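Pasted below: work_12.pdb, PDB, C-alpha atoms.
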ATOM      1  CA  MET F 477     177.593  96.401  65.394
ATOM      2  CA  ASP F 478     176.466  93.251  63.653
ATOM      3  CA  ASN F 479     172.665  93.001  63.093
ATOM      4  CA  LYS F 480     172.765  89.299  62.346
ATOM      5  CA  LEU F 481     170.620  87.206  64.639
ATOM      6  CA  GLU F 482     171.932  83.854  65.573
ATOM      7  CA  LYS F 483     169.573  80.908  65.375
ATOM      8  CA  VAL F 484     169.106  79.303  68.739
ATOM      9  CA  ASN F 485     167.044  76.211  69.393
ATOM     10  CA  SER F 486     164.992  75.712  72.528
ATOM     11  CA  SER F 487     167.263  73.054  73.996
ATOM     12  CA  GLN F 488     170.172  75.522  73.950
ATOM     13  CA  VAL F 489     168.060  78.126  75.739
ATOM     14  CA  VAL F 490     166.875  75.694  78.391
ATOM     15  CA  SER F 491     170.351  74.341  78.983
ATOM     16  CA  SER F 492     171.752  77.837  79.376
ATOM     17  CA  LEU F 493     169.225  78.773  82.073
ATOM     18  CA  THR F 494     169.879  78.407  85.744
ATOM     19  CA  GLY F 495     167.500  76.393  87.891
ATOM     20  CA  GLU F 496     165.642  79.484  89.054
ATOM     21  CA  GLU F 497     165.265  80.873  85.546
ATOM     22  CA  ALA F 498     164.055  77.499  84.247
ATOM     23  CA  LEU F 499     161.425  77.409  86.992
ATOM     24  CA  ILE F 500     160.215  80.905  86.015
ATOM     25  CA  VAL F 501     160.037  79.953  82.344
ATOM     26  CA  GLU F 502     158.214  76.718  83.158
ATOM     27  CA  THR F 503     155.702  78.594  85.345
ATOM     28  CA  ALA F 504     155.151  81.204  82.614
ATOM     29  CA  VAL F 505     154.540  78.491  80.006
ATOM     30  CA  LYS F 506     152.054  76.711  82.294
ATOM     31  CA  THR F 507     150.331  80.011  83.047
ATOM     32  CA  PHE F 508     149.954  80.909  79.365
ATOM     33  CA  THR F 509     148.721  77.400  78.603
ATOM     34  CA  GLU F 510     146.133  77.659  81.386
ATOM     35  CA  ILE F 511     145.072  81.120  80.185
ATOM     36  CA  GLY F 512     144.615  79.693  76.683
ATOM     37  CA  LYS F 513     142.430  76.867  78.035
ATOM     38  CA  ILE F 514     140.358  79.321  80.099
ATOM     39  CA  MET F 515     139.842  81.598  77.094
ATOM     40  CA  GLY F 516     138.780  78.592  74.996
ATOM     41  CA  ASP F 517     136.328  77.462  77.690
ATOM     42  CA  TYR F 518     134.942  80.998  77.938
ATOM     43  CA  ALA F 519     134.442  81.220  74.169
ATOM     44  CA  LYS F 520     132.702  77.821  74.170
ATOM     45  CA  CYS F 521     130.441  78.819  77.100
ATOM     46  CA  ARG F 522     129.605  82.143  75.459
ATOM     47  CA  GLN F 523     128.643  80.413  72.211
ATOM     48  CA  GLU F 524     126.444  77.936  74.121
ATOM     49  CA  GLN F 525     124.671  80.845  75.844
ATOM     50  CA  ILE F 526     124.076  82.595  72.515
ATOM     51  CA  THR F 527     122.676  79.373  71.047
ATOM     52  CA  GLU F 528     120.426  78.837  74.086
ATOM     53  CA  ARG F 529     119.052  82.385  73.834
ATOM     54  CA  GLN F 530     118.295  81.821  70.144
ATOM     55  CA  ARG F 531     116.489  78.570  71.016
ATOM     56  CA  ILE F 532     114.437  80.330  73.698
ATOM     57  CA  ARG F 533     113.505  83.141  71.273
ATOM     58  CA  ALA F 534     112.378  80.591  68.669
ATOM     59  CA  GLN F 535     110.241  78.729  71.235
ATOM     60  CA  LEU F 536     108.747  82.003  72.435
ATOM     61  CA  LYS F 537     107.839  82.937  68.875
ATOM     62  CA  ILE F 538     106.147  79.544  68.335
ATOM     63  CA  ILE F 539     104.179  79.832  71.582
ATOM     64  CA  THR F 540     103.143  83.402  70.770
ATOM     65  CA  THR F 541     101.926  82.296  67.333
ATOM     66  CA  GLN F 542      99.917  79.448  68.895
ATOM     67  CA  ILE F 543      98.345  81.794  71.428
ATOM     68  CA  GLN F 544      97.428  84.254  68.682
ATOM     69  CA  ALA F 545      95.882  81.468  66.582
ATOM     70  CA  ASN F 546      93.854  80.205  69.564
ATOM     71  CA  LYS F 547      92.760  83.760  70.330
ATOM     72  CA  GLU F 548      91.416  84.165  66.802
ATOM     73  CA  LYS F 549      89.621  80.808  67.067
ATOM     74  CA  TYR F 550      88.022  81.760  70.383
ATOM     75  CA  ILE F 551      86.950  85.175  69.139
ATOM     76  CA  HIS F 552      85.367  83.570  66.088
ATOM     77  CA  ALA F 553      83.518  81.018  68.270
ATOM     78  CA  ILE F 554      82.281  83.731  70.636
ATOM     79  CA  ASP F 555      81.141  85.893  67.730
ATOM     80  CA  LYS F 556      79.283  82.958  66.191
ATOM     81  CA  TYR F 557      77.721  82.074  69.535
ATOM     82  CA  TYR F 558      76.407  85.628  70.015
ATOM     83  CA  GLN F 559      75.209  85.900  66.426
ATOM     84  CA  ASP F 560      73.126  82.769  66.979
ATOM     85  CA  LYS F 561      71.840  84.117  70.289
ATOM     86  CA  ASP F 562      71.021  87.448  68.666
ATOM     87  CA  ARG F 563      68.909  85.708  66.028
ATOM     88  CA  ILE F 564      67.050  83.763  68.727
ATOM     89  CA  TYR F 565      66.391  86.923  70.760
ATOM     90  CA  ASP F 566      65.182  88.747  67.647
ATOM     91  CA  PHE F 567      62.830  85.878  66.838
ATOM     92  CA  VAL F 568      61.469  85.809  70.404
ATOM     93  CA  GLU F 569      61.019  89.586  70.381
ATOM     94  CA  GLN F 570      59.108  89.438  67.069
ATOM     95  CA  ALA F 571      56.907  86.615  68.369
ATOM     96  CA  LEU F 572      56.162  88.572  71.565
ATOM     97  CA  ARG F 573      55.289  91.702  69.597
ATOM     98  CA  ALA F 574      52.982  89.662  67.317
ATOM     99  CA  SER F 575      51.232  88.095  70.300
ATOM    100  CA  GLU F 576      50.937  91.531  71.921
ATOM    101  CA  LYS F 577      49.285  92.955  68.796
ATOM    102  CA  CYS F 578      46.829  90.053  68.756
ATOM    103  CA  GLY F 579      46.295  90.325  72.499
ATOM    104  CA  ASP F 580      47.002  86.587  72.851
ATOM    105  CA  MET F 581      48.187  86.088  76.457
ATOM    106  CA  GLU F 582      48.432  82.312  76.092
ATOM    107  CA  MET F 583      50.860  82.698  73.209
ATOM    108  CA  MET F 584      52.923  85.170  75.286
ATOM    109  CA  LYS F 585      53.052  82.759  78.229
ATOM    110  CA  MET F 586      54.096  79.926  75.947
ATOM    111  CA  ILE F 587      56.868  82.047  74.325
ATOM    112  CA  TYR F 588      58.207  83.193  77.705
ATOM    113  CA  SER F 589      58.039  79.678  79.113
ATOM    114  CA  ASP F 590      59.870  78.174  76.151
ATOM    115  CA  PHE F 591      62.397  81.009  76.091
ATOM    116  CA  PHE F 592      63.247  80.716  79.808
ATOM    117  CA  SER F 593      63.431  76.946  79.494
ATOM    118  CA  PHE F 594      65.825  77.323  76.570
ATOM    119  CA  ILE F 595      68.014  79.803  78.461
ATOM    120  CA  SER F 596      68.217  77.669  81.605
ATOM    121  CA  LYS F 597      69.199  74.542  79.620
ATOM    122  CA  ASN F 598      71.843  76.256  77.494
ATOM    123  CA  SER F 599      74.499  78.003  79.528
ATOM    124  CA  PRO F 600      77.047  79.983  77.517
ATOM    125  CA  SER F 601      80.075  78.065  78.745
ATOM    126  CA  ASP F 602      78.533  74.693  77.804
ATOM    127  CA  GLU F 603      77.639  75.815  74.299
ATOM    128  CA  LEU F 604      81.034  77.378  73.734
ATOM    129  CA  LYS F 605      82.726  74.225  74.984
ATOM    130  CA  ILE F 606      80.736  72.169  72.501
ATOM    131  CA  MET F 607      81.713  74.568  69.708
ATOM    132  CA  MET F 608      85.390  74.401  70.638
ATOM    133  CA  ASP F 609      85.419  70.651  71.392
ATOM    134  CA  ALA F 610      86.126  69.751  67.765
ATOM    135  CA  ASN F 611      89.716  70.905  68.274
ATOM    136  CA  ASN F 612      89.974  69.664  71.875
ATOM    137  CA  ASN F 613      90.117  73.263  73.009
ATOM    138  CA  PHE F 614      87.875  74.465  75.773
ATOM    139  CA  ILE F 615      87.068  77.967  76.795
ATOM    140  CA  ASN F 616      85.527  78.958  80.059
ATOM    141  CA  PHE F 617      83.304  81.851  79.259
ATOM    142  CA  ILE F 618      81.486  83.769  81.948
ATOM    143  CA  GLU F 619      78.667  85.944  80.782
TER     144      GLU F 619
END
Take the structure I supplied and represent it as structure tokens, if you would.
Amino acid sequence: MDNKLEKVNSSQVVSSLTGEEALIVETAVKTFTEIGKIMGDYAKCRQEQITERQRIRAQLKIITTQIQANKEKYIHAIDKYYQDKDRIYDFVEQALRASEKCGDMEMMKMIYSDFFSFISKNSPSDELKIMMDANNNFINFIE
């Protein structure tokens, strides 16, 4: 047996086919071409989805960082607010104890009056809003 392969060009193959065979070959070629297009579209769609997920992750990381930064800012403002309040309460307590030792009721009345006036004028949420207003960030704080 001779193992030599004869070179055949495509026009010889097509011309040697019957009408039915040519139709089958033509259908197979169209099918493979369509499969190739579908696989290309799938690969493109898959890559777009991967890129979109990466974009969403990056945005999520940015938003999380912003939230964390705002949280730290708010905690600092709240701590500062309560440190100031603590100093005021300590001062009022010392003044009341001094007036109690002296037995000065007028001084006690004046301290209580001024203290209650101060408290009623300065609600926590208003003071915290003023503190945070420099950065156009507001916090609603309920005591």
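Of the listed residues F:Glu569, F:Glu497, F:Asp517, F:Glu502, the one whose atoms come nearest to Ile587 of chain F is F:Glu569, with distances taken using all atoms listed in the file.
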Notebook entry, point to check: To one decimal place, how far is atom CA of Ile554 of chain F from atom CA of Ile595 of chain F in Å?
Noted result: 16.7 Å
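Between atom CA of Lys585 of chain F and atom CA of Asp562 of chain F lies a distance of 20.9 Å.
Relative to atom CA of Thr541 of chain F, atom CA of Gln559 of chain F is found at 27.0 Å.
Nearest to Ala571 of chain F of all the residues F:Gln525, F:Ile511, F:Ile532, F:Met583 is F:Met583, counting all atoms listed in the file.
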Dump N, CA, C and O atoms of segment 522-554 of chain F from the given block, as an mmCIF file, in the first residue's frame.
data_model
loop_
_atom_site.group_PDB
_atom_site.id
_atom_site.type_symbol
_atom_site.label_atom_id
_atom_site.label_comp_id
_atom_site.auth_asym_id
_atom_site.auth_seq_id
_atom_site.Cartn_x
_atom_site.Cartn_y
_atom_site.Cartn_z
ATOM 1 N N ARG F 522 -18.125 37.344 29.415
ATOM 2 C CA ARG F 522 -17.499 36.893 30.661
ATOM 3 C C ARG F 522 -16.450 37.893 31.126
ATOM 4 O O ARG F 522 -16.382 38.232 32.310
ATOM 5 N N GLN F 523 -15.641 38.398 30.211
ATOM 6 C CA GLN F 523 -14.618 39.376 30.562
ATOM 7 C C GLN F 523 -15.255 40.673 31.058
ATOM 8 O O GLN F 523 -14.780 41.287 32.017
ATOM 9 N N GLU F 524 -16.349 41.090 30.424
ATOM 10 C CA GLU F 524 -17.061 42.301 30.868
ATOM 11 C C GLU F 524 -17.604 42.121 32.284
ATOM 12 O O GLU F 524 -17.550 43.036 33.094
ATOM 13 N N GLN F 525 -18.123 40.930 32.591
ATOM 14 C CA GLN F 525 -18.638 40.659 33.932
ATOM 15 C C GLN F 525 -17.521 40.682 34.969
ATOM 16 O O GLN F 525 -17.687 41.213 36.066
ATOM 17 N N ILE F 526 -16.371 40.120 34.618
ATOM 18 C CA ILE F 526 -15.227 40.130 35.539
ATOM 19 C C ILE F 526 -14.793 41.563 35.799
ATOM 20 O O ILE F 526 -14.554 41.961 36.948
ATOM 21 N N THR F 527 -14.721 42.365 34.742
ATOM 22 C CA THR F 527 -14.329 43.771 34.879
ATOM 23 C C THR F 527 -15.339 44.534 35.728
ATOM 24 O O THR F 527 -14.955 45.335 36.582
ATOM 25 N N GLU F 528 -16.616 44.282 35.528
ATOM 26 C CA GLU F 528 -17.663 44.967 36.305
ATOM 27 C C GLU F 528 -17.569 44.592 37.787
ATOM 28 O O GLU F 528 -17.701 45.444 38.667
ATOM 29 N N ARG F 529 -17.322 43.326 38.085
ATOM 30 C CA ARG F 529 -17.170 42.911 39.478
ATOM 31 C C ARG F 529 -15.957 43.586 40.125
ATOM 32 O O ARG F 529 -16.008 43.995 41.285
ATOM 33 N N GLN F 530 -14.882 43.725 39.373
ATOM 34 C CA GLN F 530 -13.693 44.408 39.898
ATOM 35 C C GLN F 530 -14.001 45.878 40.174
ATOM 36 O O GLN F 530 -13.567 46.438 41.180
ATOM 37 N N ARG F 531 -14.768 46.514 39.282
ATOM 38 C CA ARG F 531 -15.154 47.910 39.473
ATOM 39 C C ARG F 531 -16.023 48.062 40.719
ATOM 40 O O ARG F 531 -15.810 48.961 41.538
ATOM 41 N N ILE F 532 -16.960 47.146 40.898
ATOM 42 C CA ILE F 532 -17.846 47.196 42.071
ATOM 43 C C ILE F 532 -17.034 46.998 43.357
ATOM 44 O O ILE F 532 -17.245 47.708 44.343
ATOM 45 N N ARG F 533 -16.090 46.058 43.354
ATOM 46 C CA ARG F 533 -15.242 45.849 44.532
ATOM 47 C C ARG F 533 -14.446 47.104 44.873
ATOM 48 O O ARG F 533 -14.303 47.469 46.039
ATOM 49 N N ALA F 534 -13.902 47.764 43.844
ATOM 50 C CA ALA F 534 -13.112 48.980 44.075
ATOM 51 C C ALA F 534 -13.993 50.085 44.662
ATOM 52 O O ALA F 534 -13.591 50.771 45.607
ATOM 53 N N GLN F 535 -15.202 50.254 44.121
ATOM 54 C CA GLN F 535 -16.122 51.265 44.662
ATOM 55 C C GLN F 535 -16.495 50.939 46.096
ATOM 56 O O GLN F 535 -16.556 51.829 46.951
ATOM 57 N N LEU F 536 -16.752 49.681 46.371
ATOM 58 C CA LEU F 536 -17.107 49.256 47.726
ATOM 59 C C LEU F 536 -15.975 49.556 48.702
ATOM 60 O O LEU F 536 -16.223 50.009 49.822
ATOM 61 N N LYS F 537 -14.757 49.326 48.271
ATOM 62 C CA LYS F 537 -13.601 49.604 49.127
ATOM 63 C C LYS F 537 -13.491 51.106 49.407
ATOM 64 O O LYS F 537 -13.232 51.512 50.545
ATOM 65 N N ILE F 538 -13.723 51.937 48.396
ATOM 66 C CA ILE F 538 -13.674 53.393 48.575
ATOM 67 C C ILE F 538 -14.754 53.841 49.549
ATOM 68 O O ILE F 538 -14.498 54.622 50.472
ATOM 69 N N ILE F 539 -15.968 53.350 49.363
ATOM 70 C CA ILE F 539 -17.082 53.728 50.238
ATOM 71 C C ILE F 539 -16.817 53.277 51.667
ATOM 72 O O ILE F 539 -17.055 54.019 52.625
ATOM 73 N N THR F 540 -16.299 52.067 51.833
ATOM 74 C CA THR F 540 -15.993 51.557 53.168
ATOM 75 C C THR F 540 -14.937 52.427 53.848
ATOM 76 O O THR F 540 -15.050 52.736 55.040
ATOM 77 N N THR F 541 -13.934 52.837 53.093
ATOM 78 C CA THR F 541 -12.886 53.709 53.642
ATOM 79 C C THR F 541 -13.473 55.051 54.064
ATOM 80 O O THR F 541 -13.130 55.583 55.129
ATOM 81 N N GLN F 542 -14.365 55.615 53.238
ATOM 82 C CA GLN F 542 -15.005 56.886 53.592
ATOM 83 C C GLN F 542 -15.842 56.751 54.849
ATOM 84 O O GLN F 542 -15.809 57.629 55.727
ATOM 85 N N ILE F 543 -16.587 55.669 54.955
ATOM 86 C CA ILE F 543 -17.421 55.451 56.139
ATOM 87 C C ILE F 543 -16.541 55.332 57.382
ATOM 88 O O ILE F 543 -16.849 55.912 58.422
ATOM 89 N N GLN F 544 -15.448 54.595 57.258
ATOM 90 C CA GLN F 544 -14.541 54.433 58.398
ATOM 91 C C GLN F 544 -13.943 55.775 58.804
ATOM 92 O O GLN F 544 -13.842 56.078 60.002
ATOM 93 N N ALA F 545 -13.560 56.594 57.820
ATOM 94 C CA ALA F 545 -12.987 57.908 58.129
ATOM 95 C C ALA F 545 -14.027 58.796 58.820
ATOM 96 O O ALA F 545 -13.710 59.487 59.801
ATOM 97 N N ASN F 546 -15.259 58.789 58.319
ATOM 98 C CA ASN F 546 -16.323 59.577 58.958
ATOM 99 C C ASN F 546 -16.605 59.074 60.363
ATOM 100 O O ASN F 546 -16.841 59.866 61.271
ATOM 101 N N LYS F 547 -16.568 57.767 60.545
ATOM 102 C CA LYS F 547 -16.798 57.188 61.872
ATOM 103 C C LYS F 547 -15.764 57.716 62.859
ATOM 104 O O LYS F 547 -16.115 58.132 63.970
ATOM 105 N N GLU F 548 -14.505 57.711 62.450
ATOM 106 C CA GLU F 548 -13.439 58.204 63.323
ATOM 107 C C GLU F 548 -13.645 59.688 63.639
ATOM 108 O O GLU F 548 -13.444 60.118 64.782
ATOM 109 N N LYS F 549 -14.057 60.465 62.643
ATOM 110 C CA LYS F 549 -14.314 61.888 62.849
ATOM 111 C C LYS F 549 -15.444 62.089 63.855
ATOM 112 O O LYS F 549 -15.343 62.923 64.762
ATOM 113 N N TYR F 550 -16.515 61.337 63.695
ATOM 114 C CA TYR F 550 -17.668 61.466 64.590
ATOM 115 C C TYR F 550 -17.306 61.044 66.016
ATOM 116 O O TYR F 550 -17.705 61.695 66.981
ATOM 117 N N ILE F 551 -16.579 59.963 66.137
ATOM 118 C CA ILE F 551 -16.175 59.513 67.473
ATOM 119 C C ILE F 551 -15.311 60.569 68.148
ATOM 120 O O ILE F 551 -15.480 60.858 69.334
ATOM 121 N N HIS F 552 -14.402 61.153 67.391
ATOM 122 C CA HIS F 552 -13.551 62.210 67.947
ATOM 123 C C HIS F 552 -14.403 63.405 68.398
ATOM 124 O O HIS F 552 -14.192 63.955 69.493
ATOM 125 N N ALA F 553 -15.369 63.815 67.568
ATOM 126 C CA ALA F 553 -16.227 64.955 67.916
ATOM 127 C C ALA F 553 -17.057 64.649 69.161
ATOM 128 O O ALA F 553 -17.202 65.501 70.049
ATOM 129 N N ILE F 554 -17.587 63.444 69.237
ATOM 130 C CA ILE F 554 -18.395 63.062 70.407
ATOM 131 C C ILE F 554 -17.529 63.031 71.660
ATOM 132 O O ILE F 554 -17.933 63.524 72.722
#
